[in-house]
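Structure below is data33.csv: CSV, C-alpha atoms.
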chain,number,residue,atom,x,y,z
A,1,MET,CA,149.1,144.3,59.0
A,2,PHE,CA,149.8,140.8,57.7
A,3,GLN,CA,153.3,139.6,57.1
A,4,LEU,CA,154.4,137.3,54.4
A,5,PHE,CA,156.4,134.3,55.6
A,6,SER,CA,158.1,131.8,53.4
A,7,VAL,CA,157.6,128.1,53.9
A,8,LYS,CA,160.6,127.1,51.8
A,9,ASN,CA,162.8,126.7,54.9
A,10,SER,CA,160.3,124.7,56.9
A,11,VAL,CA,160.7,121.0,57.4
A,12,ASN,CA,157.8,118.9,56.1
A,13,PHE,CA,157.1,117.1,59.4
A,14,LEU,CA,153.6,116.0,58.3
A,15,ARG,CA,154.9,114.2,55.2
A,16,HIS,CA,154.9,110.9,57.2
A,17,ALA,CA,152.1,111.9,59.6
A,18,GLY,CA,149.7,109.2,58.2
A,19,VAL,CA,152.1,106.4,58.8
A,20,ILE,CA,153.2,107.6,62.2
A,21,SER,CA,149.6,108.2,63.3
A,22,PHE,CA,148.8,104.6,62.2
A,23,PHE,CA,151.7,103.4,64.4
A,24,SER,CA,150.2,105.4,67.3
A,25,VAL,CA,146.8,103.7,66.7
A,26,ILE,CA,148.5,100.3,66.9
A,27,LEU,CA,150.3,101.3,70.1
A,28,VAL,CA,147.0,102.4,71.7
A,29,ILE,CA,145.2,99.2,70.6
A,30,ALA,CA,148.0,97.0,71.9
A,31,SER,CA,147.9,98.9,75.2
A,32,PHE,CA,144.1,98.4,75.5
A,33,VAL,CA,144.5,94.7,74.7
A,34,SER,CA,147.2,94.3,77.3
A,35,LEU,CA,145.3,96.2,79.9
A,36,GLY,CA,142.2,94.1,79.2
A,37,THR,CA,144.0,90.7,79.3
A,38,LYS,CA,147.0,91.1,81.6
A,39,GLY,CA,145.8,94.1,83.6
A,40,ILE,CA,148.1,96.3,85.8
A,41,ASN,CA,150.5,94.9,88.3
A,42,TRP,CA,149.2,97.0,91.2
A,43,GLY,CA,151.7,97.8,94.0
A,44,LEU,CA,151.0,97.5,97.7
A,45,ASP,CA,149.8,101.1,97.7
A,46,PHE,CA,146.8,99.9,95.8
A,47,THR,CA,146.4,96.2,96.8
A,48,GLY,CA,147.2,96.7,100.5
A,49,GLY,CA,149.9,95.1,102.6
A,50,THR,CA,152.5,95.6,105.3
A,51,VAL,CA,155.5,97.9,105.1
A,52,VAL,CA,158.4,97.4,107.5
A,53,GLU,CA,161.4,99.8,107.6
A,54,VAL,CA,164.6,98.6,109.3
A,55,GLU,CA,167.8,100.4,109.9
A,56,PHE,CA,170.9,98.1,109.9
A,57,SER,CA,174.2,99.1,111.6
A,58,SER,CA,176.1,98.5,108.4
A,59,PRO,CA,175.3,98.0,104.7
A,60,VAL,CA,173.5,94.7,104.0
A,61,ASP,CA,173.5,92.4,101.0
A,62,LEU,CA,169.9,92.5,99.8
A,63,ASN,CA,170.2,89.2,97.8
A,64,GLU,CA,171.3,87.4,100.9
A,65,LEU,CA,168.5,89.0,102.9
A,66,ARG,CA,165.9,87.9,100.3
A,67,SER,CA,167.2,84.3,100.4
A,68,LYS,CA,166.5,84.1,104.1
A,69,LEU,CA,162.8,85.3,103.8
A,70,THR,CA,161.4,81.8,103.3
A,71,SER,CA,158.9,81.5,106.1
A,72,VAL,CA,155.2,81.6,105.6
A,73,GLU,CA,155.0,85.1,107.2
A,74,THR,CA,157.7,86.6,105.0
A,75,GLU,CA,156.9,84.9,101.7
A,76,GLY,CA,156.5,87.3,98.8
A,77,ALA,CA,158.3,90.2,100.5
A,78,LEU,CA,159.8,92.9,98.3
A,79,VAL,CA,163.1,94.1,99.7
A,80,GLN,CA,164.8,97.4,98.7
A,81,ASN,CA,167.1,100.1,100.0
A,82,PHE,CA,165.3,103.1,101.3
A,83,GLY,CA,167.3,106.3,101.2
A,84,SER,CA,170.7,104.8,102.1
A,85,SER,CA,172.5,101.4,102.0
A,86,THR,CA,171.7,100.8,105.7
A,87,ASP,CA,168.0,101.5,105.5
A,88,VAL,CA,165.9,98.6,104.1
A,89,LEU,CA,162.2,98.6,103.3
A,90,PHE,CA,160.2,95.4,103.3
A,91,ARG,CA,156.8,95.3,101.5
A,92,LEU,CA,154.6,92.2,102.2
A,93,PRO,CA,151.3,91.5,100.5
A,94,VAL,CA,148.1,90.8,102.3
A,95,ARG,CA,148.0,87.1,103.3
A,96,GLU,CA,144.9,85.2,104.4
A,97,ASN,CA,145.0,84.0,108.1
A,98,ILE,CA,148.3,85.9,108.7
A,99,LYS,CA,148.1,89.1,110.6
A,100,SER,CA,150.2,92.1,109.9
A,101,ASP,CA,152.1,92.0,113.2
A,102,LEU,CA,153.1,88.4,112.6
A,103,GLN,CA,154.5,89.4,109.2
A,104,ALA,CA,156.5,92.2,110.9
A,105,MET,CA,157.8,89.8,113.6
A,106,GLY,CA,158.9,87.3,110.9
A,107,ILE,CA,160.8,90.1,109.2
A,108,MET,CA,162.5,91.2,112.4
A,109,THR,CA,163.5,87.6,113.2
A,110,VAL,CA,165.4,87.3,110.0
A,111,VAL,CA,166.9,90.8,110.4
A,112,LYS,CA,168.1,90.1,113.9
A,113,SER,CA,169.8,86.9,112.7
A,114,MET,CA,171.9,89.0,110.4
A,115,ASP,CA,172.4,92.1,112.5
A,116,GLN,CA,171.7,92.2,116.3
A,117,ASN,CA,171.9,96.0,116.3
A,118,ALA,CA,169.3,96.5,113.6
A,119,ILE,CA,166.4,98.8,114.6
A,120,GLN,CA,162.8,98.6,113.4
A,121,LYS,CA,161.9,102.2,112.5
A,122,ARG,CA,158.3,101.8,111.4
A,123,VAL,CA,155.6,99.3,110.6
A,124,GLU,CA,152.6,100.4,108.5
A,125,PHE,CA,149.6,98.4,107.3
A,126,VAL,CA,147.5,99.4,104.2
A,127,GLY,CA,144.2,97.5,104.1
A,128,PRO,CA,142.8,96.2,100.8
A,129,GLN,CA,139.9,98.5,101.0
A,130,VAL,CA,142.1,101.6,101.4
A,131,GLY,CA,144.2,100.4,98.5
A,132,LYS,CA,141.1,100.0,96.3
A,133,GLN,CA,140.1,103.5,97.1
A,134,LEU,CA,143.5,104.8,96.2
A,135,ALA,CA,143.3,103.1,92.8
A,136,GLU,CA,139.8,104.6,92.2
A,137,GLN,CA,140.9,108.1,93.3
A,138,GLY,CA,144.1,107.9,91.2
A,139,GLY,CA,142.2,107.0,88.1
A,140,LEU,CA,139.6,109.7,88.8
A,141,ALA,CA,142.5,112.2,89.2
A,142,VAL,CA,143.8,111.5,85.7
A,143,ILE,CA,140.3,111.7,84.2
A,144,VAL,CA,139.5,115.0,86.0
A,145,ALA,CA,142.9,116.4,84.8
A,146,LEU,CA,142.0,115.6,81.2
A,147,ILE,CA,138.6,117.1,81.4
A,148,CYS,CA,140.0,120.3,83.0
A,149,ILE,CA,142.6,120.5,80.3
A,150,LEU,CA,139.9,120.1,77.6
A,151,ILE,CA,137.9,123.0,79.1
A,152,TYR,CA,141.0,125.2,79.5
A,153,VAL,CA,142.3,124.6,76.0
A,154,SER,CA,138.8,125.1,74.5
A,155,PHE,CA,138.6,128.6,76.1
A,156,ARG,CA,142.2,129.5,75.0
A,157,PHE,CA,142.1,127.9,71.5
A,158,GLU,CA,139.7,126.8,68.9
A,159,TRP,CA,137.8,123.6,69.7
A,160,ARG,CA,139.6,121.7,66.9
A,161,LEU,CA,143.0,122.4,68.6
A,162,ALA,CA,141.4,121.5,72.0
A,163,ALA,CA,140.3,118.1,70.6
A,164,GLY,CA,143.8,117.5,69.3
A,165,SER,CA,145.5,118.3,72.6
A,166,VAL,CA,143.2,116.1,74.6
A,167,ALA,CA,143.6,113.2,72.1
A,168,ALA,CA,147.4,113.6,72.4
A,169,LEU,CA,147.3,113.6,76.3
A,170,ALA,CA,145.0,110.5,76.3
A,171,HIS,CA,147.4,108.8,73.8
A,172,ASP,CA,150.4,109.5,76.1
A,173,VAL,CA,148.6,108.2,79.2
A,174,ILE,CA,147.3,105.1,77.5
A,175,VAL,CA,150.6,104.2,75.9
A,176,THR,CA,152.5,104.6,79.2
A,177,LEU,CA,149.9,102.5,81.0
A,178,GLY,CA,150.2,99.9,78.2
A,179,LEU,CA,154.0,99.8,78.8
A,180,PHE,CA,153.5,99.0,82.5
A,181,SER,CA,150.9,96.4,81.6
A,182,ILE,CA,152.9,94.6,78.9
A,183,LEU,CA,156.1,94.5,81.0
A,184,GLN,CA,154.1,93.9,84.3
A,185,LEU,CA,156.0,96.6,86.1
A,186,GLU,CA,154.7,97.5,89.5
A,187,PHE,CA,152.3,100.4,89.5
A,188,ASP,CA,152.3,102.4,92.8
A,189,LEU,CA,151.7,105.9,93.9
A,190,THR,CA,155.0,107.2,92.6
A,191,VAL,CA,154.1,105.9,89.1
A,192,LEU,CA,150.8,107.6,89.3
A,193,ALA,CA,152.6,110.9,90.2
A,194,GLY,CA,154.8,110.3,87.1
A,195,LEU,CA,151.7,109.7,85.0
A,196,LEU,CA,150.3,113.1,86.1
A,197,THR,CA,153.7,114.7,85.4
A,198,VAL,CA,153.6,113.3,81.9
A,199,VAL,CA,150.2,114.9,81.4
A,200,GLY,CA,151.6,118.3,82.4
A,201,TYR,CA,154.7,117.9,80.3
A,202,SER,CA,152.9,116.8,77.2
A,203,LEU,CA,150.4,119.6,77.5
A,204,ASN,CA,153.1,122.2,77.9
A,205,ASP,CA,154.8,121.0,74.7
A,206,THR,CA,151.5,121.0,72.8
A,207,ILE,CA,150.5,124.5,74.0
A,208,VAL,CA,153.8,125.9,72.7
A,209,VAL,CA,153.2,124.4,69.3
A,210,TYR,CA,149.6,125.6,69.3
A,211,ASP,CA,150.6,129.2,70.2
A,212,ARG,CA,152.9,129.3,67.2
A,213,ILE,CA,150.2,127.7,64.9
A,214,ARG,CA,147.7,130.3,65.9
A,215,GLU,CA,150.2,133.1,65.4
A,216,ASN,CA,151.2,131.9,62.0
A,217,PHE,CA,147.6,131.4,60.8
A,218,LEU,CA,147.1,135.1,61.5
A,219,LYS,CA,150.4,136.3,59.9
A,220,MET,CA,150.9,134.0,56.9
A,221,ARG,CA,148.9,135.2,53.9
A,222,LYS,CA,149.7,132.2,51.8
A,223,GLY,CA,150.1,128.5,52.3
A,224,THR,CA,147.8,125.6,53.2
A,225,PRO,CA,147.1,124.6,56.8
A,226,GLU,CA,149.7,121.9,56.4
A,227,ASP,CA,152.3,124.5,55.3
A,228,ILE,CA,151.5,126.7,58.3
A,229,VAL,CA,151.6,123.8,60.8
A,230,ASN,CA,155.0,122.6,59.3
A,231,GLN,CA,156.3,126.1,59.6
A,232,SER,CA,155.1,126.4,63.2
A,233,ILE,CA,156.6,123.1,64.2
A,234,THR,CA,159.9,124.0,62.5
A,235,GLN,CA,160.1,127.3,64.4
A,236,THR,CA,159.5,125.6,67.8
A,237,MET,CA,161.6,122.5,67.2
A,238,SER,CA,164.8,124.0,68.7
A,239,ARG,CA,162.9,124.8,71.9
A,240,THR,CA,161.5,121.2,71.9
A,241,VAL,CA,164.9,119.6,71.4
A,242,ILE,CA,166.5,121.6,74.1
A,243,THR,CA,163.7,121.1,76.6
A,244,THR,CA,163.3,117.4,75.9
A,245,GLY,CA,167.0,116.8,75.8
A,246,THR,CA,167.8,118.5,79.2
A,247,THR,CA,164.7,116.8,80.8
A,248,LEU,CA,165.8,113.4,79.5
A,249,ILE,CA,169.3,113.8,80.9
A,250,VAL,CA,167.8,114.1,84.4
A,251,VAL,CA,165.2,111.4,83.9
A,252,VAL,CA,167.8,108.9,82.5
A,253,ALA,CA,170.0,109.7,85.5
A,254,LEU,CA,167.0,108.9,87.8
A,255,PHE,CA,166.3,105.8,85.9
A,256,LEU,CA,169.8,104.4,86.1
A,257,LYS,CA,171.0,105.7,89.5
A,258,GLY,CA,167.8,106.7,91.4
A,259,GLY,CA,167.3,103.4,93.1
A,260,THR,CA,164.3,101.0,93.3
A,261,MET,CA,162.0,103.4,95.1
A,262,ILE,CA,161.7,105.8,92.1
A,263,HIS,CA,162.5,103.4,89.3
A,264,GLY,CA,158.8,103.2,88.3
A,265,PHE,CA,158.5,107.0,88.5
A,266,ALA,CA,161.5,107.4,86.2
A,267,THR,CA,160.2,104.7,83.8
A,268,ALA,CA,156.8,106.5,83.5
A,269,LEU,CA,158.6,109.8,82.8
A,270,LEU,CA,161.0,108.3,80.3
A,271,CYS,CA,158.2,106.7,78.3
A,272,GLY,CA,155.8,109.6,78.6
A,273,ILE,CA,158.3,112.3,77.6
A,274,MET,CA,159.4,110.4,74.5
A,275,VAL,CA,155.9,109.6,73.5
A,276,GLY,CA,154.6,113.0,74.4
A,277,THR,CA,157.2,114.8,72.3
A,278,TYR,CA,156.1,113.2,69.0
A,279,SER,CA,152.4,113.2,69.9
A,280,SER,CA,152.3,117.0,70.0
A,281,ILE,CA,153.2,116.8,66.3
A,282,TYR,CA,151.7,113.6,64.9
A,283,VAL,CA,148.6,113.4,67.1
A,284,ALA,CA,147.6,116.9,68.3
A,285,SER,CA,148.6,119.0,65.3
A,286,TYR,CA,147.7,116.3,62.7
A,287,LEU,CA,144.3,115.7,64.2
A,288,ALA,CA,143.5,119.4,64.2
A,289,ILE,CA,144.3,119.5,60.4
A,290,LYS,CA,142.1,116.4,59.9
A,291,LEU,CA,139.3,118.3,61.7
A,292,GLY,CA,139.6,121.1,59.2
A,293,ILE,CA,141.4,123.8,61.0
A,294,ASN,CA,142.1,126.9,58.9
A,295,ARG,CA,142.8,130.6,59.1
A,296,GLU,CA,139.2,131.7,59.5
A,297,HIS,CA,138.9,129.7,62.7
A,298,MET,CA,141.7,131.7,64.2
A,299,LEU,CA,140.3,135.1,63.5
A,300,PRO,CA,138.8,137.0,66.5
A,301,VAL,CA,135.0,137.4,66.5
A,302,GLU,CA,134.0,140.8,65.4
A,303,ILE,CA,131.5,142.6,67.7
A,304,GLU,CA,129.1,144.7,65.8
A,305,LYS,CA,128.6,148.1,67.4
A,306,GLU,CA,125.1,149.4,67.9
A,307,GLY,CA,124.2,151.9,65.1
A,308,ALA,CA,127.3,151.0,63.0
A,309,ASP,CA,125.0,150.3,60.0
A,310,GLN,CA,123.2,153.7,60.3
A,311,PRO,CA,124.3,156.6,58.0
A,312,PRO,CA,126.2,159.4,59.7
A,313,MET,CA,124.0,162.3,60.8
A,314,MET,CA,124.3,165.6,59.0
A,315,PRO,CA,125.5,168.5,61.0
Turn the structure described in the file into structure tokens.
Amino acid sequence: MFQLFSVKNSVNFLRHAGVISFFSVILVIASFVSLGTKGINWGLDFTGGTVVEVEFSSPVDLNELRSKLTSVETEGALVQNFGSSTDVLFRLPVRENIKSDLQAMGIMTVVKSMDQNAIQKRVEFVGPQVGKQLAEQGGLAVIVALICILIYVSFRFEWRLAAGSVAALAHDVIVTLGLFSILQLEFDLTVLAGLLTVVGYSLNDTIVVYDRIRENFLKMRKGTPEDIVNQSITQTMSRTVITTGTTLIVVVALFLKGGTMIHGFATALLCGIMVGTYSSIYVASYLAIKLGINREHMLPVEIEKEGADQPPMMP
């Protein structure tokens, strides 16, 4: 039996949906322009290079250490703490006519001049071809994830809602990539992991809103699709605020205190969560309305039983 819900207490979130959606289009276009002109600042995971991990006997000043890396072998090295203040990670790009072992020897020469008791814990080399494969496989992973999500949401919801959810996910991924491109932040495997995490987080928020939209379409006997969507978003807003707020507390802590190793990961999450929260309203839900979603689309398909149209037999 249908229930009559009032829309008087709902917040009109869609009142400014047109303006905010236009702003989202501008963000996506700016991201594409930056990706096409500036590209992405690929990290050594994708471009290849040498990684040297060294353990010092005492905490070391990274700025002083960087100032000593002036030789041809060590030029362009990225220096950062790894796990503790005594563990230091050196990342060196691929250089023509300079072998990986010579780069590692150049690093250890500088390290030994500062600390005779320093220990070389590991040396790894990632070739350019391996890095290129990682970049291709990472991009393929994001595309496959979006396709699988489209199939899943299409089975669970009406296709108009599925199109809105995938558009919102693509929006979040493109804007996050655009941020890294515009600011030329290093994009490595941890950032790729953060990007896939953003996809999952954004989808979860969108599914919660969609569940309530479908439920209210079946329960509310009056009201336009805009009224029903506004009511659904209002009912789920407390959950969204609590979930987003508690998540952002952790992400901001990682961003400020997590160190250089996960700085890119935290940046991707910080951008993706904020963009994904509003995209579930102003991209996913608004696009579903523009595609003409209504109550009839939410009704289950009636299966006609065999012989239902025949008159009952007389005893």
Q | Point-to-point distance in Å for atom CA of A:Thr197 and atom CA of A:Glu215 | A |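 Interatomic distance, atom CA of A:Glu215 to atom CA of A:Thr197: 27.4 Å.
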Q) Quick one, how far is atom CA of A:Asn230 from atom CA of A:Arg214? A) 12.5 Å
Q) Which of these, A:Val60, A:Val110, A:Val144, A:Met261, has the shortest distance to A:Thr74 once you count all atoms listed in the file? A)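 Closest residue, counting all atoms listed in the file: A:Val110.
The point (158.1, 120.9, 81.3) has these residues within 12 Å of it when all atoms listed in the file are used: Thr197, Val198, Val199, Gly200, Tyr201, Ser202, Leu203, Asn204, Asp205, Thr206, Ile207, Val208, Arg239, Thr240, Ile242, Thr243, Thr244, Gly245, Thr246, Thr247, Leu248, Leu269, Gly272, Ile273, Gly276 and Thr277 of chain A.
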(Q) As an exercise, work out the distance from atom CA of A:Val126 to atom CA of A:Gly48 in Å and give it to one decimal place. (A)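 One can read the atom CA of A:Val126 to atom CA of A:Gly48 distance as 4.6 Å.
Between A:Leu27 and the residues A:Val275, A:Ile98, A:Ile249, A:Leu218, the shortest atom-to-atom distance, using only C-alpha atoms, involves A:Val275.
Closest to A:Leu195 among A:Ala266, A:Arg156, A:Thr224, A:Asp45 is A:Ala266, based on only C-alpha atoms.
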**Q.** Near-A:Ile281 list (10 Å; only C-alpha atoms; drop same-chain fewer than 2 positions) as number ranges by chain
**A.** A: 13-14, 17, 21, 164, 168, 205-206, 209-210, 229-230, 233, 276-279, 283-287
**Q.** Nearest candidate to A:Ile143 (options A:Phe125, A:Leu169, A:Phe265, A:Leu92; using all atoms listed in the file)
**A.**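 Under the stated criterion, the closest residue is A:Leu169.
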**Q.** Residue nearest A:Ser100 among A:Gln231, A:Thr236, A:Ser154, A:Thr50 (counting only C-alpha atoms)
**A.** A:Thr50
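Each of A:Glu75, A:Ser113, A:Val28, A:Asp188 was checked against A:Ala170 using only C-alpha atoms; the smallest atom-to-atom distance is that of A:Val28.
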Q. Contacts of A:Val123 at 7 Å or less, counting all atoms listed in the file, minus same-chain residues fewer than 5 places along, as a VMD selection string?
A. chain A and resid 51 to 53
